[in-house]
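Structure first, then comments.
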Amino acid sequence: MIASRRSSRPFWNKRLLIVAGKGGVGRSTVAAALGLAGARSGLETIVVETAGRGDVARALGGRVGERLAEVELQPSLRHVAISRRPALEEYLRQELPTALPAALVARSRAFELFVDAAPGMSDLLTIGKVWELVQRPRHKPRARPYDLVILDGPASGQLVGLLCAARTFSSVARVGPIARQAAAIDAMLGDASTVGVIAVATPEQMAISETLELQTVLAERLGLKLDGVVVNRLFAPRFSAADRHALAGAPDDPTIRSARWYDGRAQAQRAHLARLRRGLLGVPHTTLPFLFTPRLGLVDIEHLADRLAGALA
Amino acid sequence: MNHLGGALADKRVVICAGAGGVGKTTVSAVVALGLAAQGRRVALVTIDPARRLAEALGLDSLGNRPQPVETARFDVSKLEVRGELFAMMLDAKRTFDELIDVLAPNPLTREQILANPIYEHLSTAVAGSQEYTAIAKLFELEHSGDYDVIVLDTPPSRHAIDFLQAPDRLTGFLEGPALAAFLRPTGHAARAAGVMFAALGRLTGVGLLEDMTVFFQLLAGLLEGFRRRAADVHALLTSGTSAFLIVTSPEQAAIEEAIFFGAELDRAGMRRAGVIVNRMHRLDSADSDAMATGARLADALGAALAKKVVRTHADVQRLARADHAAAERLRAALNDEPICLTDRATDVHDTDGLVDLQAELFGEPLREPSGSPA
């Protein structure tokens with residue numbers, strides 16, 4: 001279902017798509033589906049995970065690579081998991097004179113202390129690696145370039161910290177190479193022709209509220225708009241008003257209770273979806289159906305990918 | 001089916017932990033309500049409640065202190081609240097400021113720390129600062145002796161374990177040899193640190209390093225206080241009167257997280273008071289004959305609606321079977337019979353919803369059983 005075809009605009013020409021949303025709404029599933037859709041439309045695509053859980057890799061039947069390895073999951077689709085220490089070592093290898101072994105510096109307690117305490121530094125390493133993946137040519141020697149980088153980011157609150165890390169760091173360290181790179185990262189993140197943000201929500205109160213808050217915060221702090229909202233796990237309406245009346249009067253048994261539960265949930269979801277639509281400022285949004293398959297397989301992700309490619313392209 | 005019942009009767013601290021998005025905040029509110037109903041004086045510390053939940057609890061002010069919840073707002077015909085309920089929303093920044101207030105050796109140091117730009121960042125943005133302040137608040141409330149029991153909702157970190165590690169991370173950070181090297185480099189450490197600082201200075205410019213050194217010098221004055229506080233918190237969390245409730249949904253990722261967290265708690269010598277699986281789909285235990293059910297429903301509802309009802313029930317049962325398999329896996333892994341809470345059609349955020357869920361969680365039937373038995 002394409003809820004507002006009128007205002008939809010293509011975003012497959014973005015270089016970085018950030019997938020945002022509250023915990024537990026299916027962010028990784030949507031990131032995996034977007035990755036698949038991107039790869040199938042002919043883009044060299046990589047999905048980036050930062051939470052260290054490997055959900056996207058698992059969903060697409062792959063493994064999680066170690067130490068920033070860019071692992072092929074499907075043709076034209078790769079995956080990388082960013083964790084702090086390897087990102088730090090890679091960064092230092094590129095920036096330090098060769099006389100200083102990067103691994104040794106990265107493991108030193110003094111350096112860890114610095115990364116922990118310097119405002120924005122830890123997040124800056126993560127977003128800096130995302131930035132590096134977007135660069136053409138890549139800064140990393142002999143690394144393959146990508147057309148599309150999809151970031152399966154942390155939950156909304158932490159995501160804003162991650163996206164603002166470069167600015168935070170620049171505000172305390174105005175000079176030096178890191179501050180200069182931070183400025184470049186910040187400039188990229190504020191460039192709506194390069195960066196797109198897709199919010200994932202479920203049709204529930206908290207998830208919808210977070211999505212609307214994210215819309216506000218992105219505009220205020222980064223000057224970005226949401227490029228699309230995916231409402232996940234929507235119950236298709238099954239029962240009419242007359243059905244509802246009949247169910248209310250039917251004898252109470254497990255079958256009837258299941259039907260009432262389904263209908264009650266479907267109705268509540270519609271109300272939450274309506275609130276989202278009222279609050280979204282002309283942002284294209286699409287819905288994904290609730291799947292009664294308890295564990296999503298590759299086939300289900302492919303199905304979602306087709307829907308997303310159709311709805312958001 | 002397992003219930004919480006009186007399992008928390010001797011507890012003074014109850015911490016609800018689990019992955020984000022499993023309904024932790026609601027469950028902690030329900031636990032607090034149930035304990036108040038049992039006659040205790042309860043303080044509930046929530047992190048970021050949904051607006052309607054906040055309203056249900058009367059949490060309209062950000063006081064950073066527990067405010068009394070008017071228990072008359074819960075349907076007294078269904079649930080008698082014999083004790084008292086207080087609730088608050090955690091304000092991480094203010095809690096951190098208050099901690100500095102308590103630990104600073106003198107007013108000047110206190111002012112200098114609060115005004116430092118590095119502190120501003122450390123107290124709000126650093127990963128783990130919300131976890132740390134949640135524990136700091138818990139400790140403060142427990143220490144005050146004003147409440148029989150404190151129920152703590154934990155921050156929505158993707159990894160529940162972050163919460164347990166927060167105090168040690170902060171003190172580890174403050175008392176590590178690295179900080180000493182940062183402050184007064186001598187000998188062997190000084191040479192190593194000198195190399196690091198040269199590398200750092202090259203990358204960040206010296207201004208930031210100087211700012212940080214000043215900040216660490218200020219904070220060093222509080223080190224003893226932080227160390228003592230961390231030891232006290234550890235003693236509190238491992239004492240027999242503190243317990244964790246692991247909250248999860250039946251979804252695979254949340255279950256994995258619950259199993260992992262349960263093992264971590266055991267390793268850390270902390271107690272589990274129960275495992276709660278929220279949002280379980282209702283399993284139809286009667287192994288009914290689909291054909292007969294279909295025929296009976298067709299008589300009562302007409303063929304078209306009956307067909308939809310049968311299909312819907314089959315779908316829901318598919319979910320329910322998967323949920324119960326997940327709960328079983330959790331039981332086997334943690335060697336604890338989980339307490340299952342039924343998925344409601346709508347968000348459980350009003351007072352009626354909380355009362356209902358409370359009955360199911362504690363296994364104490366309401367005075368007037370509602371239409372849908374738990």
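Ordered as shown in the structure tokens, chains take letters A, B, and onward, while each chain numbers its residues from 1 and ligands are numbered from 1 in the order shown.
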Query raised in the report: Counting only C-alpha atoms, which residues of chain A come no farther than 7 Å from chain B, as an NGL selection string?
Result: :A and (23-24 or 105 or 109-111 or 113 or 117 or 119 or 172-173 or 175-179 or 206 or 243 or 246 or 254-256 or 258-259 or 261-262 or 264-265 or 268 or 292 or 294)
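Backbone DSSP over segment 221-302 of chain A yields strand (DSSP E or B) at Gly228, Val229, Val230, Val231, Asn232, Arg233, Leu234, His285, Thr286, Thr287, Leu288 and Pro289 of chain A.
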Report task. Might you pull out every residue within 7 Å of Gly153 of chain A, with only C-alpha atoms counted and same-chain residues fewer than 2 positions away left off, and present them as a PyMOL selection string? Result -> chain A and resi 18-20+49-50+151+155+159
**Report entry** Every residue of segment 131-180 of chain A that DSSP places in alpha helix (DSSP H), as a PyMOL selection string
**Finding:** chain A and resi 131-134+156-172+177-180
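Residue nearest Glu224 of chain B, chosen from B:Leu103, B:Leu8, B:Val247, B:Leu85 and counting only C-alpha atoms: B:Leu103.
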Query raised in the report: Near segment 148-151 of chain B, counting only C-alpha atoms, which residues have an atom at most 6 Å away, once you skip same-chain residues fewer than 6 positions from it, shown as a PyMOL selection string?
Result: chain B and resi 12-15+41-44
Write to file, as a PDB file, in the first residue's frame, the residues of the selection just made, with N, CA and C atoms.
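Printed below is out16.pdb as written:
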```pdb
ATOM      1  N   ARG B  12      13.896  -5.327  48.748  1.00  0.00           N
ATOM      2  CA  ARG B  12      13.868  -3.868  48.921  1.00  0.00           C
ATOM      3  C   ARG B  12      14.210  -3.158  47.613  1.00  0.00           C
ATOM      4  N   VAL B  13      14.826  -3.908  46.701  1.00  0.00           N
ATOM      5  CA  VAL B  13      15.181  -3.347  45.396  1.00  0.00           C
ATOM      6  C   VAL B  13      14.803  -4.352  44.318  1.00  0.00           C
ATOM      7  N   VAL B  14      13.995  -3.909  43.345  1.00  0.00           N
ATOM      8  CA  VAL B  14      13.604  -4.775  42.240  1.00  0.00           C
ATOM      9  C   VAL B  14      13.961  -4.058  40.942  1.00  0.00           C
ATOM     10  N   ILE B  15      14.811  -4.691  40.124  1.00  0.00           N
ATOM     11  CA  ILE B  15      15.264  -4.054  38.882  1.00  0.00           C
ATOM     12  C   ILE B  15      14.719  -4.827  37.691  1.00  0.00           C
ATOM     13  N   ARG B  41       5.207   0.282  50.737  1.00  0.00           N
ATOM     14  CA  ARG B  41       5.441   1.666  50.326  1.00  0.00           C
ATOM     15  C   ARG B  41       6.482   1.621  49.209  1.00  0.00           C
ATOM     16  N   VAL B  42       6.033   1.891  47.989  1.00  0.00           N
ATOM     17  CA  VAL B  42       6.821   1.597  46.799  1.00  0.00           C
ATOM     18  C   VAL B  42       7.235   2.867  46.067  1.00  0.00           C
ATOM     19  N   ALA B  43       8.503   2.939  45.652  1.00  0.00           N
ATOM     20  CA  ALA B  43       8.938   4.007  44.751  1.00  0.00           C
ATOM     21  C   ALA B  43       9.258   3.387  43.396  1.00  0.00           C
ATOM     22  N   LEU B  44       8.639   3.913  42.351  1.00  0.00           N
ATOM     23  CA  LEU B  44       8.889   3.440  40.997  1.00  0.00           C
ATOM     24  C   LEU B  44       9.736   4.470  40.256  1.00  0.00           C
TER      25      LEU B  44
END
```
Query - Near-Thr109 of chain B list (9 Å; only C-alpha atoms; drop same-chain fewer than 4 positions) as a list in words - result: Ala104, Pro105, Ile113, Leu114, Leu218, Leu219 and Gly221 of chain B
Query raised in the report: Which residues come within 12 Å of Arg15 of chain A, counting only C-alpha atoms, excluding same-chain residues fewer than 2 positions away, as JSON, numbers by chain?
Result: {"A": [11, 12, 13, 17, 18, 38, 43, 44, 45, 46, 47, 130, 131, 132, 133, 134, 135, 136, 145, 146, 147, 148, 149, 150, 151, 188, 189, 191, 192, 193, 194, 195, 196, 197]}
Store the residues picked out above in a file with N, CA and C atoms, as a short mmCIF file (atom, residue, chain, number, x, y, z; two decimals), in the first residue's frame.
```
data_model
loop_
_atom_site.label_atom_id
_atom_site.label_comp_id
_atom_site.auth_asym_id
_atom_site.auth_seq_id
_atom_site.Cartn_x
_atom_site.Cartn_y
_atom_site.Cartn_z
N PHE A 11 14.58 7.96 -3.78
CA PHE A 11 15.76 8.15 -2.95
C PHE A 11 16.82 7.09 -3.22
N TRP A 12 16.63 6.35 -4.29
CA TRP A 12 17.67 5.37 -4.61
C TRP A 12 18.93 6.07 -5.11
N ASN A 13 18.86 7.37 -5.36
CA ASN A 13 20.07 8.08 -5.77
C ASN A 13 20.86 8.63 -4.58
N LEU A 17 21.80 5.70 3.18
CA LEU A 17 20.44 5.62 3.73
C LEU A 17 20.55 5.18 5.19
N ILE A 18 20.00 6.01 6.07
CA ILE A 18 20.07 5.69 7.49
C ILE A 18 18.72 5.12 7.91
N GLY A 38 18.18 -2.50 -3.02
CA GLY A 38 19.21 -1.69 -3.65
C GLY A 38 20.09 -2.52 -4.58
N LEU A 43 22.64 -1.56 -7.79
CA LEU A 43 23.59 -0.74 -7.03
C LEU A 43 24.50 -1.64 -6.20
N GLU A 44 25.80 -1.30 -6.22
CA GLU A 44 26.72 -1.99 -5.31
C GLU A 44 26.38 -1.48 -3.91
N THR A 45 25.89 -2.38 -3.07
CA THR A 45 25.29 -1.97 -1.80
C THR A 45 25.99 -2.63 -0.63
N ILE A 46 26.09 -1.87 0.48
CA ILE A 46 26.58 -2.49 1.72
C ILE A 46 25.68 -2.07 2.87
N VAL A 47 25.34 -3.04 3.72
CA VAL A 47 24.55 -2.75 4.90
C VAL A 47 25.52 -2.72 6.09
N VAL A 130 31.47 4.92 8.68
CA VAL A 130 30.35 4.97 7.74
C VAL A 130 30.69 5.95 6.61
N TRP A 131 31.21 7.09 7.01
CA TRP A 131 31.62 8.12 6.05
C TRP A 131 32.66 7.56 5.07
N GLU A 132 33.61 6.82 5.62
CA GLU A 132 34.67 6.25 4.79
C GLU A 132 34.08 5.28 3.75
N LEU A 133 33.06 4.52 4.16
CA LEU A 133 32.43 3.57 3.23
C LEU A 133 31.73 4.29 2.08
N VAL A 134 31.27 5.52 2.36
CA VAL A 134 30.55 6.29 1.34
C VAL A 134 31.51 6.90 0.31
N GLN A 135 32.77 7.14 0.73
CA GLN A 135 33.71 7.86 -0.13
C GLN A 135 34.01 7.11 -1.43
N ARG A 136 34.11 7.84 -2.52
CA ARG A 136 34.57 7.28 -3.80
C ARG A 136 35.68 8.15 -4.34
N PRO A 145 34.52 0.44 -3.92
CA PRO A 145 33.58 1.54 -3.71
C PRO A 145 32.12 1.04 -3.74
N TYR A 146 31.25 1.77 -3.07
CA TYR A 146 29.83 1.40 -3.05
C TYR A 146 28.98 2.52 -3.64
N ASP A 147 27.88 2.11 -4.26
CA ASP A 147 26.90 3.09 -4.74
C ASP A 147 25.97 3.50 -3.60
N LEU A 148 25.70 2.53 -2.73
CA LEU A 148 24.71 2.76 -1.69
C LEU A 148 25.16 2.13 -0.37
N VAL A 149 25.17 2.94 0.67
CA VAL A 149 25.51 2.45 2.01
C VAL A 149 24.25 2.56 2.86
N ILE A 150 23.86 1.46 3.48
CA ILE A 150 22.66 1.48 4.32
C ILE A 150 23.09 1.27 5.77
N LEU A 151 22.78 2.23 6.60
CA LEU A 151 23.18 2.15 8.01
C LEU A 151 22.02 1.67 8.87
N MET A 188 28.73 16.19 5.19
CA MET A 188 28.06 15.13 4.44
C MET A 188 26.70 14.81 5.06
N LEU A 189 26.66 14.70 6.39
CA LEU A 189 25.42 14.28 7.05
C LEU A 189 24.31 15.32 6.91
N ASP A 191 23.85 16.98 4.18
CA ASP A 191 23.59 17.16 2.75
C ASP A 191 22.49 16.19 2.31
N ALA A 192 21.30 16.74 2.14
CA ALA A 192 20.14 15.90 1.85
C ALA A 192 20.21 15.23 0.47
N SER A 193 21.13 15.70 -0.40
CA SER A 193 21.21 15.02 -1.69
C SER A 193 22.03 13.73 -1.57
N THR A 194 22.81 13.63 -0.51
CA THR A 194 23.64 12.44 -0.30
C THR A 194 23.00 11.48 0.70
N VAL A 195 22.38 12.08 1.75
CA VAL A 195 21.92 11.28 2.88
C VAL A 195 20.40 11.22 2.93
N GLY A 196 19.86 10.05 3.10
CA GLY A 196 18.43 9.88 3.30
C GLY A 196 18.18 9.18 4.62
N VAL A 197 17.07 9.48 5.26
CA VAL A 197 16.72 8.81 6.51
C VAL A 197 15.37 8.12 6.35
#
```
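Of note, atom CA of Ala115 of chain B and atom CA of Leu218 of chain A are spaced 27.5 Å apart.
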